[in-house]
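Accompanying notes for the structure given below.
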Amino acid sequence: MTSFFRNFDIMGATDSKLAFRKGVFRLFEERNVPVNALEYWSLFWTLPETADDVFSLIGANDIRRARDSARENLETLIDKIMEHMDTLVHAPDFPSAQHSVTSLLNCCRVLTRIVPYIFESTECTEWEEKFFWVPRSVKRAPSTVTGESQEGTANDQKEQYDILPPRAEILIALTLRCLFLAGFTLPHNMGTADSHVNYVIWETGVGSSTPIGSFRDNDIHRTEVLRLLVVLLSRSMYISPTHILSTEDRWLHFIVTKTERKIVLALLCSLLNTACKYNPLGWGVPYNHVMFTDTREQLVAVSLRVLLVILDYHSSRAAISMRALDQRQGDTSCLEIVSGIEVLSLDESQQVSELHSSSASSVANSSTHSPSAEELSRDINNPNDNIFKHYLSKLHRAQDFQFLSDGIYRILSNPMQANASYLPGSTKRVRCHVEMMMLFWKLLETNNRFRTYLVETERVLDLMVVLIFHAMESKMNAAQVGLVRMCAFLLQSLSADRTFAVKLNRPFENHSSLPASIRIPNFRGTYADFFIISIFTLIASSRGSLSTLYPALVLTVSNVSPYLKGLSVTTATKLMSLFGSISAPGFLLADEVNHRLVKYLLEALNCIIQYQSSDNVNLIYAIVRNHSKFEKLASLTLKDAVDEIERVRQLKQEKLLALQQQQQAAAAVKHGKGPATEDQDAPTTPGAEARIYSEPGEAEGLSEKARGKLPEGVSPPLSRTSSTASVRSHTGMPPRQSSVSSTLSAGSLLPGAKHGFTPTEEWMEGWHSQLPLETILALLDYLRPQVEALCAEDSAASEPQVLEFLRGVTLVGVLPPPQPIVIRKFQWGEALVIWFRSMLWGQAYVVSISNYSPWKGTHVKLFQIKQQPSHPPPESPRPPSVTA
């Protein structure tokens with residue numbers, strides 16, 4: 001039976017591929033293939049020559065059928081591959097004809113192909129646990145006994161067994177050894193007399209200043225072995241978000257807690273250096289990437305992926321502590337609006353409620369006492385839970401930090417440089433910038449010394465500009481909303497550092513070299529001006545799609561506000577426009593927590609007034625000119641807010657009706673029917689309808705659906721819902737009531753309120769009385785009469801004269817005592833940890849689609865895959881997006 005598989009020399013030949021395909025078919029068709037049929041099992045590592053052979057000839061249905069109907073064969077295949085890998089790794093003559101590199105590669109490829117289909121099946125969970133994680137008993141060979149006692153002991157001798165480690169531990173150890181195998185992933189000369197395995201750092205950089213002289217083949221082999229490693233650590237992809245933190249990933253737990261110190265240091269530094277040393281521009285020759293294939297980028301991407309998966313590990317104890325901390329903060333947490341709103345949209349809202357209910361039960365059963373917040377934080381960030389994270393936190397050399405920061409900036413700025421190139425497509429644009437941004441985030445939160453070094457150098461300003469670029473470029477791309485979120489949270493994290501805030505006051509001299517997407521027309525200002533104007537533009541131009549990021553963006557401005565100096569006229573105007581938008585009644589009453597944005601921005605303005613008023617006369621003057629916005633907010637009641645919403649609605653309806661009548665008149669004149677009368681019907685053509693919806697400056701006429709997402713005054717397009725309501729109100733329908741009781745009970749004026757929220761007098765009084773308006777009102781009471789008097793005395797008084805007057809005004813004794821500076825740092829919550837993990841694995845899934853994706857077609861549970869419309873031609877389909 002095995003003679004069919006003999007004498008095949010070339011895998012590329014049709015008969016050879018047919019032989020391999022029949023061998024795969026036998027795997028699930030024939031029950032209990034003999035274990036000793038070595039000639040059959042060996043075809044899995046001898047016949048294939050490329051990864052394409054393995055992934056194309058071993059189909060998904062083949063693996064599932066073997067898993068479900070011939071599991072014994074699948075077990076034997078895994079055992080045989082592991083045995084052969086062990087033989088190859090320890091062979092003294094590796095690589096050779098008998099122990100070839102291709103055989104070792106094929107072992108990695110076959111395991112990479114079949115392991116995800118084991119993880120995906122819930123029915124296989126118990127079998128997977130038993131097969132991979134239960135130690136095995138192997139009969140020990142009988143010992144040879146000589147001498148006089150041989151005959152007597154032969155009858156008394158009993159069978160003895162050796163206890164082998166679980167298969168999963170052996171497989172992970174073999175994979176790690178393959179990453180440091182001379183003649184495979186290391187140059188031939190790196191082997192020693194005792195072993196071909198040598199735990200040396202691949203590249204110079206952190207922990208190494210001596211190059212080992214790697215070759216292209218070494219990079220290719222590292223990529224394939226790392227692909228196997230990341231597959232072994234991908235158990236999270238097949239766990240639902242509600243259980244992801246409470247379910248221990250034993251594969252990941254083993255590698256972060258049981259790996260030897262020398263292997264940890266070699267792997268950690270090798271992955272860091274490989275990623276941060278990569279230069280996508282190569283020799284800097286235009287269109288270089290078109291002429292040559294860059295295999296290095298694949299290695300960098302998978303290196304980042306493995307590193308991030310390992311650093312993102314959270315123990316089950318840390319997950320319980322995280323839930324307890326989330327519950328303790330509750331509604332009093334200043335960051336609940338950041339973490340609470342960012343609940344994942346991976347599944348229905350029912351999963352979110354299940355998440356919180358399971359959190360409560362876990363915390364209740366975890367301990368009989370209530371630990372403090374400090375104890376919970378220590379549990380969450382316990383370095384003993386992750387030895388890789390522990391050693392990453394111990395980095396301290398300035399040259400290492402410079403190497404890391406330069407490498408991170410090189411990758412993150414690559415898309416910006418490619419976008420700003422004068423020759424379209426001449427600069428290679430990498431796709432691993434998302435993973436690099438994740439690594440940057442992990443470094444900031446893991447190593448405080450790196451954070452201190454970064455904010456003390458000019459590189460932090462460059463990175464701030466790059467983060468704004470990525471946020472602005474991806475703000476309207478639904479598939480990249482996770483990248484925008486990460487940029488917003490990173491900016492908030494950086495803003496919590498005083499040194500960073502002070503550096504923002506430096507002039508932005510190289511602004512003209514920025515890409516057009518983030519360049520500000522006629523800009524002459526500081527990094528602070530660029531920072532605030534960009535944040536305003538990000539909010540204003542996203543049309544409500546980033547509503548969950550408003551808190552993080554506004555808190556970023558609030559954090560840096562005590563240290564800002566010399567804000568320009570444009571910046572002051574943008575701040576007043578933003579305040580007018582978020583303090584508008586239509587926005588305040590649309591959601592239960594929208595008032596917090598007003599509070600945060602008021603705190604930012606107060607800090608500037610209290611600590612930097614003499615250096616920010618443009619902002620002081622802008623506040624005086626916009627005094628009515630603050631005075632209206634100070635006296636706002638629920639009835640006033642409802643009346644204002646109705647007034648804006650009626651005004652919009654009148655404008656819309658007038659515009660429709662103009663269009664009807666124009667159409668009638670065009671067709672020679674004379675002017676239209678008010679009694680005529682008012683059909684709207686598609687073209688006219690489109691013009692109505694794109695009317696600029698109609699921010700107060702937001703659609704009812706968008707009113708709860710976007711502050712008024714941010715120039716969104718009018719919606720079809722809003723225009724339809726306007727037409728109906730002028731075709732015989734009765735006008736809406738304006739009384740508070742009838743309006744709120746029916747919910748007619750606030751259809752955009754989220755989650756069924758209905759404003760009440762008690763709710764409004766609760767937050768309105770806590771608004772920090774005293775400082776600004778005192779400023780207005782003191783300065784407004786003086787500015788008005790100055791303008792009344794000299795009607796020709798120019799703005800520079802008013803600003804000069806304000807520079808000479810002292811506010812000592814006028815303002816109330818300054819409040820302590822409050823810095824709100826970004827804080828992880830359970831929902832955000834789940835979001836980050838889903839984004840990490842979602843990115844891995846999408847990027848690998850075009851390169852032998854091991855997870856494509858499997859039943860992923862951590863996130864949802866949505867296929868985008870295929871507008872490009874069939875030969876170049878768009879990749880799917882991941883909902884996270």
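Ordered as shown in the structure tokens, chains take letters A, B, and onward, while each chain numbers its residues from 1 and ligands are numbered from 1 in the order shown.
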Spatial neighbours of segment 104-121 of chain A, 6 Å, only C-alpha atoms, chain gap at least 6 places, as an MDAnalysis selection string: chainID A and resid 45 81 228 238 854 859
Closest of A:Val502, A:Val300, A:Ile244, A:Ala667 to Ile411 of chain A - atom-to-atom distances counting only C-alpha atoms: A:Val300
